[in-house]
$ cat target-v6.csv   # CSV, C-alpha atoms
chain,number,residue,atom,x,y,z
A,156,MET,CA,-9.0,20.1,6.6
A,157,ASN,CA,-10.0,20.4,2.9
A,158,LYS,CA,-11.6,17.6,1.0
A,159,GLN,CA,-8.5,16.4,-0.8
A,160,LYS,CA,-6.5,16.2,2.5
A,161,LYS,CA,-9.4,14.2,4.1
A,162,ILE,CA,-9.2,11.7,1.2
A,163,VAL,CA,-5.4,11.3,1.6
A,164,SER,CA,-5.9,10.9,5.4
A,165,MET,CA,-8.5,8.2,4.8
A,166,PHE,CA,-6.1,6.2,2.6
A,167,ASP,CA,-3.3,6.6,5.2
A,168,GLN,CA,-5.7,4.9,7.7
A,169,ILE,CA,-6.6,1.9,5.5
A,170,ALA,CA,-3.2,1.4,3.9
A,171,LYS,CA,-2.2,-1.7,5.9
A,172,THR,CA,-5.4,-3.6,4.9
A,173,TYR,CA,-5.8,-2.1,1.4
A,174,ASP,CA,-4.4,-5.0,-0.6
A,175,ILE,CA,-6.4,-7.7,1.1
A,176,SER,CA,-9.5,-5.7,0.9
A,177,ASN,CA,-9.1,-5.1,-2.8
A,178,ARG,CA,-8.5,-8.7,-3.5
A,179,VAL,CA,-11.5,-9.9,-1.6
A,180,LEU,CA,-13.8,-7.2,-2.8
A,181,SER,CA,-12.9,-7.6,-6.5
A,182,PHE,CA,-12.6,-11.4,-6.2
A,183,GLY,CA,-9.0,-10.9,-7.6
A,184,ILE,CA,-10.4,-10.0,-11.0
A,185,ASP,CA,-8.8,-6.5,-10.9
A,186,LYS,CA,-5.4,-8.3,-11.6
A,187,SER,CA,-6.7,-9.3,-15.0
A,188,TRP,CA,-7.8,-5.8,-15.7
A,189,ARG,CA,-4.4,-4.3,-14.8
A,190,LYS,CA,-2.6,-7.0,-16.8
A,191,ASP,CA,-4.6,-6.4,-19.9
A,192,ALA,CA,-4.2,-2.6,-19.6
A,193,CYS,CA,-0.5,-2.9,-19.5
A,194,ASP,CA,-0.4,-5.3,-22.5
A,195,LYS,CA,-2.6,-3.1,-24.6
A,196,THR,CA,-0.6,0.0,-23.7
A,197,TYR,CA,2.7,-1.6,-24.6
A,198,LYS,CA,1.2,-2.8,-27.9
A,199,ILE,CA,0.0,0.7,-28.8
A,200,LEU,CA,3.3,2.4,-27.8
A,201,ASN,CA,5.2,-0.2,-29.8
A,202,GLN,CA,8.6,0.4,-28.3
A,203,LYS,CA,11.1,-2.2,-27.3
A,204,GLU,CA,12.9,0.2,-25.0
A,205,ILE,CA,11.0,2.5,-22.6
A,206,ALA,CA,12.7,5.1,-20.4
A,207,THR,CA,10.1,6.1,-17.8
A,208,ILE,CA,6.7,5.0,-16.6
A,209,ILE,CA,5.0,7.1,-13.9
A,210,ASP,CA,2.1,5.5,-12.0
A,211,VAL,CA,0.1,8.3,-10.3
A,212,ALA,CA,-2.0,7.5,-7.2
A,213,CYS,CA,0.1,4.3,-7.1
A,214,GLY,CA,-1.2,3.3,-3.7
A,215,THR,CA,0.6,0.1,-2.6
A,216,GLY,CA,2.3,-0.4,-5.9
A,217,ASP,CA,0.0,-2.8,-7.7
A,218,MET,CA,0.3,-1.2,-11.1
A,219,CYS,CA,4.0,-0.6,-10.7
A,220,GLU,CA,4.4,-4.3,-10.3
A,221,PHE,CA,2.3,-5.1,-13.3
A,222,TRP,CA,4.2,-2.6,-15.6
A,223,ASP,CA,7.4,-4.4,-14.6
A,224,GLN,CA,6.1,-8.0,-14.9
A,225,ARG,CA,4.5,-7.4,-18.3
A,226,ALA,CA,7.5,-5.6,-19.7
A,227,LYS,CA,9.7,-8.6,-18.8
A,228,LYS,CA,7.1,-11.0,-20.3
A,229,LEU,CA,7.0,-9.0,-23.5
A,230,LYS,CA,10.8,-8.6,-23.6
A,231,ILE,CA,10.6,-4.8,-23.3
A,232,LYS,CA,13.6,-3.0,-21.8
A,233,LEU,CA,12.0,-0.7,-19.1
A,234,LYS,CA,14.5,1.6,-17.5
A,235,GLU,CA,12.5,3.3,-14.7
A,236,ILE,CA,9.1,3.0,-12.9
A,237,ILE,CA,8.1,5.7,-10.5
A,238,GLY,CA,5.1,5.6,-8.2
A,239,ALA,CA,3.6,8.8,-7.1
A,240,ASP,CA,1.0,9.1,-4.3
A,241,PRO,CA,0.0,11.8,-1.7
A,242,SER,CA,-0.5,9.1,0.9
A,243,ARG,CA,2.6,8.3,2.9
A,244,GLY,CA,0.9,5.4,4.5
A,245,MET,CA,0.2,3.8,1.1
A,246,LEU,CA,3.8,4.4,-0.1
A,247,GLU,CA,5.2,2.8,3.1
A,248,VAL,CA,3.3,-0.4,2.2
A,249,ALA,CA,4.5,-0.2,-1.4
A,250,LYS,CA,8.2,0.1,-0.3
A,251,GLU,CA,7.9,-3.0,1.9
A,252,LYS,CA,7.2,-5.0,-1.3
A,253,ASN,CA,10.7,-4.3,-2.7
A,254,LEU,CA,9.3,-3.8,-6.2
A,255,ASN,CA,11.4,-2.6,-9.1
A,256,ALA,CA,10.2,1.0,-8.6
A,257,SER,CA,11.0,4.2,-6.8
A,258,TYR,CA,8.4,6.4,-5.1
A,259,VAL,CA,7.6,10.0,-4.5
A,260,VAL,CA,5.0,11.7,-2.3
A,261,ALA,CA,3.1,13.9,-4.8
A,262,SER,CA,-0.5,14.7,-5.8
A,263,ALA,CA,-1.8,14.3,-9.4
A,264,LYS,CA,-2.0,18.1,-10.0
A,265,ASP,CA,1.6,18.8,-8.8
A,266,LEU,CA,4.0,16.2,-10.1
A,267,PRO,CA,7.7,16.9,-9.3
A,268,PHE,CA,8.9,16.0,-12.8
A,269,LYS,CA,10.2,18.1,-15.7
A,270,ASP,CA,8.2,18.6,-18.9
A,271,ASN,CA,8.1,15.7,-21.4
A,272,LYS,CA,9.6,13.1,-19.0
A,273,ALA,CA,7.4,10.1,-19.1
A,274,ASP,CA,6.7,7.7,-22.0
A,275,ILE,CA,3.6,6.4,-20.1
A,276,ILE,CA,1.6,7.8,-17.2
A,277,SER,CA,-1.0,5.6,-15.6
A,278,ILE,CA,-3.6,6.2,-12.9
A,279,SER,CA,-5.6,3.2,-11.7
A,280,TYR,CA,-8.8,3.6,-9.7
A,281,GLY,CA,-7.5,6.9,-8.4
A,282,LEU,CA,-8.8,9.6,-10.8
A,283,ARG,CA,-12.1,9.9,-9.1
A,284,ASN,CA,-10.3,10.8,-5.9
A,285,VAL,CA,-8.6,13.8,-7.6
A,286,ILE,CA,-10.7,16.8,-6.6
A,287,ASP,CA,-9.0,19.1,-9.1
A,288,ARG,CA,-9.3,16.7,-12.0
A,289,ASP,CA,-8.8,19.2,-14.8
A,290,GLU,CA,-5.6,20.4,-13.2
A,291,GLY,CA,-4.5,16.8,-12.8
A,292,LEU,CA,-5.1,15.8,-16.4
A,293,ARG,CA,-3.3,18.9,-17.6
A,294,GLU,CA,-0.4,18.0,-15.4
A,295,PHE,CA,-0.3,14.5,-16.9
A,296,LYS,CA,-0.1,16.1,-20.4
A,297,ARG,CA,2.7,18.3,-19.3
A,298,VAL,CA,4.8,15.5,-17.9
A,299,LEU,CA,4.2,13.1,-20.8
A,300,LYS,CA,6.5,13.1,-23.8
A,301,PRO,CA,5.0,14.0,-27.1
A,302,ASN,CA,3.4,10.8,-28.4
A,303,GLY,CA,3.4,9.4,-24.9
A,304,LEU,CA,0.4,7.5,-23.5
A,305,LEU,CA,-2.0,8.2,-20.6
A,306,VAL,CA,-3.6,5.1,-19.2
A,307,ILE,CA,-6.7,5.4,-17.0
A,308,LEU,CA,-8.4,2.5,-15.3
A,309,GLU,CA,-11.4,3.6,-13.4
A,310,PHE,CA,-14.9,2.7,-12.1
A,311,THR,CA,-16.8,5.1,-14.3
A,312,LYS,CA,-20.5,6.0,-13.8
A,313,LEU,CA,-22.8,4.0,-16.1
A,314,LYS,CA,-24.6,6.1,-18.6
A,315,ASP,CA,-27.9,4.2,-18.6
A,316,GLU,CA,-29.5,2.3,-15.7
A,317,ASN,CA,-30.0,-1.4,-16.5
A,318,VAL,CA,-29.8,-4.7,-14.7
A,319,ILE,CA,-26.0,-4.6,-14.7
A,320,SER,CA,-25.9,-1.1,-13.2
A,321,LYS,CA,-28.4,-2.2,-10.5
A,322,LEU,CA,-26.4,-5.2,-9.6
A,323,ARG,CA,-23.2,-3.2,-9.4
A,324,ASP,CA,-24.9,-0.5,-7.3
A,325,PHE,CA,-26.2,-3.1,-4.9
A,326,TYR,CA,-22.7,-4.7,-4.5
A,327,MET,CA,-21.0,-1.3,-4.2
A,328,LYS,CA,-23.4,0.3,-1.8
A,329,LYS,CA,-24.6,-2.7,0.3
A,330,VAL,CA,-21.9,-5.4,0.2
A,331,LEU,CA,-18.6,-3.4,-0.2
A,332,PRO,CA,-19.1,-1.0,2.7
A,333,ILE,CA,-19.7,-3.9,5.1
A,334,VAL,CA,-17.0,-6.3,3.9
A,335,GLY,CA,-14.5,-3.5,3.4
A,336,GLY,CA,-15.3,-2.0,6.7
A,337,VAL,CA,-14.8,-5.3,8.6
A,338,LEU,CA,-11.5,-6.0,6.9
A,339,SER,CA,-10.1,-2.5,7.3
A,340,ARG,CA,-12.0,-1.6,10.5
A,341,ASN,CA,-12.8,1.7,8.8
A,342,PHE,CA,-16.4,1.7,7.7
A,343,SER,CA,-16.5,5.3,6.7
A,344,ALA,CA,-13.7,4.7,4.1
A,345,TYR,CA,-15.7,1.9,2.4
A,346,LYS,CA,-18.8,4.0,2.5
A,347,TYR,CA,-16.9,6.9,0.7
A,348,LEU,CA,-15.5,4.7,-2.1
A,349,PRO,CA,-18.8,3.6,-3.7
A,350,ASN,CA,-20.2,7.1,-3.3
A,351,SER,CA,-17.1,8.4,-5.2
A,352,ILE,CA,-18.2,6.4,-8.2
A,353,ASP,CA,-21.7,7.9,-8.1
A,354,ASN,CA,-20.2,11.4,-8.0
A,355,PHE,CA,-17.7,10.6,-10.9
A,356,LEU,CA,-18.1,10.8,-14.6
A,357,THR,CA,-19.5,8.6,-17.3
A,358,LYS,CA,-16.9,7.1,-19.7
A,359,GLU,CA,-18.3,9.4,-22.4
A,360,LYS,CA,-17.8,12.6,-20.3
A,361,LEU,CA,-14.3,11.6,-19.3
A,362,ILE,CA,-13.4,11.0,-22.9
A,363,GLN,CA,-14.8,14.5,-23.7
A,364,GLU,CA,-12.7,16.1,-21.0
A,365,LEU,CA,-9.5,14.4,-22.3
A,366,GLN,CA,-10.2,15.5,-25.8
A,367,GLU,CA,-10.8,19.1,-24.7
A,368,ILE,CA,-7.5,19.1,-23.0
A,369,GLY,CA,-5.8,18.0,-26.2
A,370,PHE,CA,-5.4,14.2,-25.9
A,371,ASP,CA,-6.2,11.8,-28.7
A,372,ILE,CA,-8.1,8.7,-27.7
A,373,GLU,CA,-6.4,5.5,-28.8
A,374,LEU,CA,-8.6,2.9,-27.1
A,375,THR,CA,-11.5,2.4,-24.7
A,376,LYS,CA,-12.6,-0.9,-23.2
A,377,GLY,CA,-15.0,-2.0,-20.6
A,378,TYR,CA,-14.3,-4.9,-18.3
A,379,SER,CA,-16.7,-7.3,-16.6
A,380,MET,CA,-19.9,-5.9,-18.1
A,381,ASP,CA,-18.5,-2.3,-17.8
A,382,ILE,CA,-17.7,-2.5,-14.1
A,383,SER,CA,-14.3,-1.2,-14.9
A,384,THR,CA,-13.2,1.1,-17.8
A,385,LEU,CA,-9.9,1.4,-19.6
A,386,ILE,CA,-9.0,4.5,-21.6
A,387,ILE,CA,-5.7,5.0,-23.3
A,388,ALA,CA,-5.0,8.5,-24.6
A,389,ARG,CA,-2.1,9.9,-26.5
A,390,LYS,CA,-0.4,13.3,-26.2
A,391,PRO,CA,0.0,14.5,-29.8
A,392,ILE,CA,3.4,15.4,-31.2
$ encode --input "target-v6.csv" --output "structure tokens"
Amino acid sequence: MNKQKKIVSMFDQIAKTYDISNRVLSFGIDKSWRKDACDKTYKILNQKEIATIIDVACGTGDMCEFWDQRAKKLKIKLKEIIGADPSRGMLEVAKEKNLNASYVVASAKDLPFKDNKADIISISYGLRNVIDRDEGLREFKRVLKPNGLLVILEFTKLKDENVISKLRDFYMKKVLPIVGGVLSRNFSAYKYLPNSIDNFLTKEKLIQELQEIGFDIELTKGYSMDISTLIIARKPI
């Protein structure tokens, strides 16, 4: 089994306890990060009618739900939300929530959509699990409409070691594996997740990759002392 398939299998195994583990481990603050990302994206896009949002690595549908809720709150007419994820286990949990979204089993680098389909593509805390990241980012660009927005929420690697980075590393490497392992009964999964941050990019390097592919950076923001990073990039016309 290759590395990407192993990651998908891991998420299949923890799907049933994924939501509760996330809420406990983030103290629920990830909800505010997602809400703010949606609001800022809608403001930058500046459209009162949006045809399609695709949430890649949608997991159990958290971001799909926020896209829908915030559109209604901001009186934006949103026609279609599609969640894409390679984990069937995660999508089964998402479907049980009866959200205003449809779902498709698909990986980031092989999306089953025509060129220029989506107004917005989002990926929340899933990009570091995409082994062929360059292919995935290029696929996002293909599926986005000209002038469309790519929205990335991620735990990026901190550029410089400081007190905050040491605290984050302690929580991620010592606390998260134990608490997540107990809640999910899968200790190996919650050992992998913090290690995946260590092996990921800094915000600066991710921005560079996006620019090299041809995206224009519209906004970057750090949340909770840069524990989480938001990047909004635009596909040029």
$ atom_distance --input "target-v6.csv" --atom1 "atom CA of A:Leu299" --atom2 "atom CA of A:Asp270"
7.1 Å
$ closest_residue --input "target-v6.csv" --among "A:Arg189, A:Gly214, A:Ile276, A:Lys300" --to "A:Thr172" --atoms "all atoms listed in the file"
A:Gly214
$ atom_distance --input "target-v6.csv" --atom1 "atom CA of A:Met218" --atom2 "atom CA of A:Lys314"
27.0 Å
$ residues_around --input "target-v6.csv" --residues "A:Phe370" --least-positions-apart "4" --cutoff "12 Å" --atoms "all atoms listed in the file" --output "list in words"
Leu292, Arg293, Phe295, Lys296, Arg297, Leu299, Pro301, Asn302, Gly303, Leu304, Leu305, Val306, Leu361, Ile362, Gln363, Glu364, Leu365, Gln366, Leu374, Ile386, Ile387, Ala388, Arg389, Lys390, Pro391 and Ile392 of chain A
$ write_last_selection --input "target-v6.csv" --atoms "C-alpha atoms" --output "CSV table (one decimal), keeping the file's coordinate frame"
chain,number,residue,atom,x,y,z
A,292,LEU,CA,-5.1,15.8,-16.4
A,293,ARG,CA,-3.3,18.9,-17.6
A,295,PHE,CA,-0.3,14.5,-16.9
A,296,LYS,CA,-0.1,16.1,-20.4
A,297,ARG,CA,2.7,18.3,-19.3
A,299,LEU,CA,4.2,13.1,-20.8
A,301,PRO,CA,5.0,14.0,-27.1
A,302,ASN,CA,3.4,10.8,-28.4
A,303,GLY,CA,3.4,9.4,-24.9
A,304,LEU,CA,0.4,7.5,-23.5
A,305,LEU,CA,-2.0,8.2,-20.6
A,306,VAL,CA,-3.6,5.1,-19.2
A,361,LEU,CA,-14.3,11.6,-19.3
A,362,ILE,CA,-13.4,11.0,-22.9
A,363,GLN,CA,-14.8,14.5,-23.7
A,364,GLU,CA,-12.7,16.1,-21.0
A,365,LEU,CA,-9.5,14.4,-22.3
A,366,GLN,CA,-10.2,15.5,-25.8
A,374,LEU,CA,-8.6,2.9,-27.1
A,386,ILE,CA,-9.0,4.5,-21.6
A,387,ILE,CA,-5.7,5.0,-23.3
A,388,ALA,CA,-5.0,8.5,-24.6
A,389,ARG,CA,-2.1,9.9,-26.5
A,390,LYS,CA,-0.4,13.3,-26.2
A,391,PRO,CA,0.0,14.5,-29.8
A,392,ILE,CA,3.4,15.4,-31.2
$ atom_distance --input "target-v6.csv" --atom1 "atom CA of A:Lys171" --atom2 "atom CA of A:Leu266"
24.8 Å
$ residues_around --input "target-v6.csv" --residues "stretch 238-252 of chain A" --least-positions-apart "4" --cutoff "6 Å" --atoms "all atoms listed in the file" --output "PyMOL selection string"
chain A and resi 163+167+170+209-216+258-262
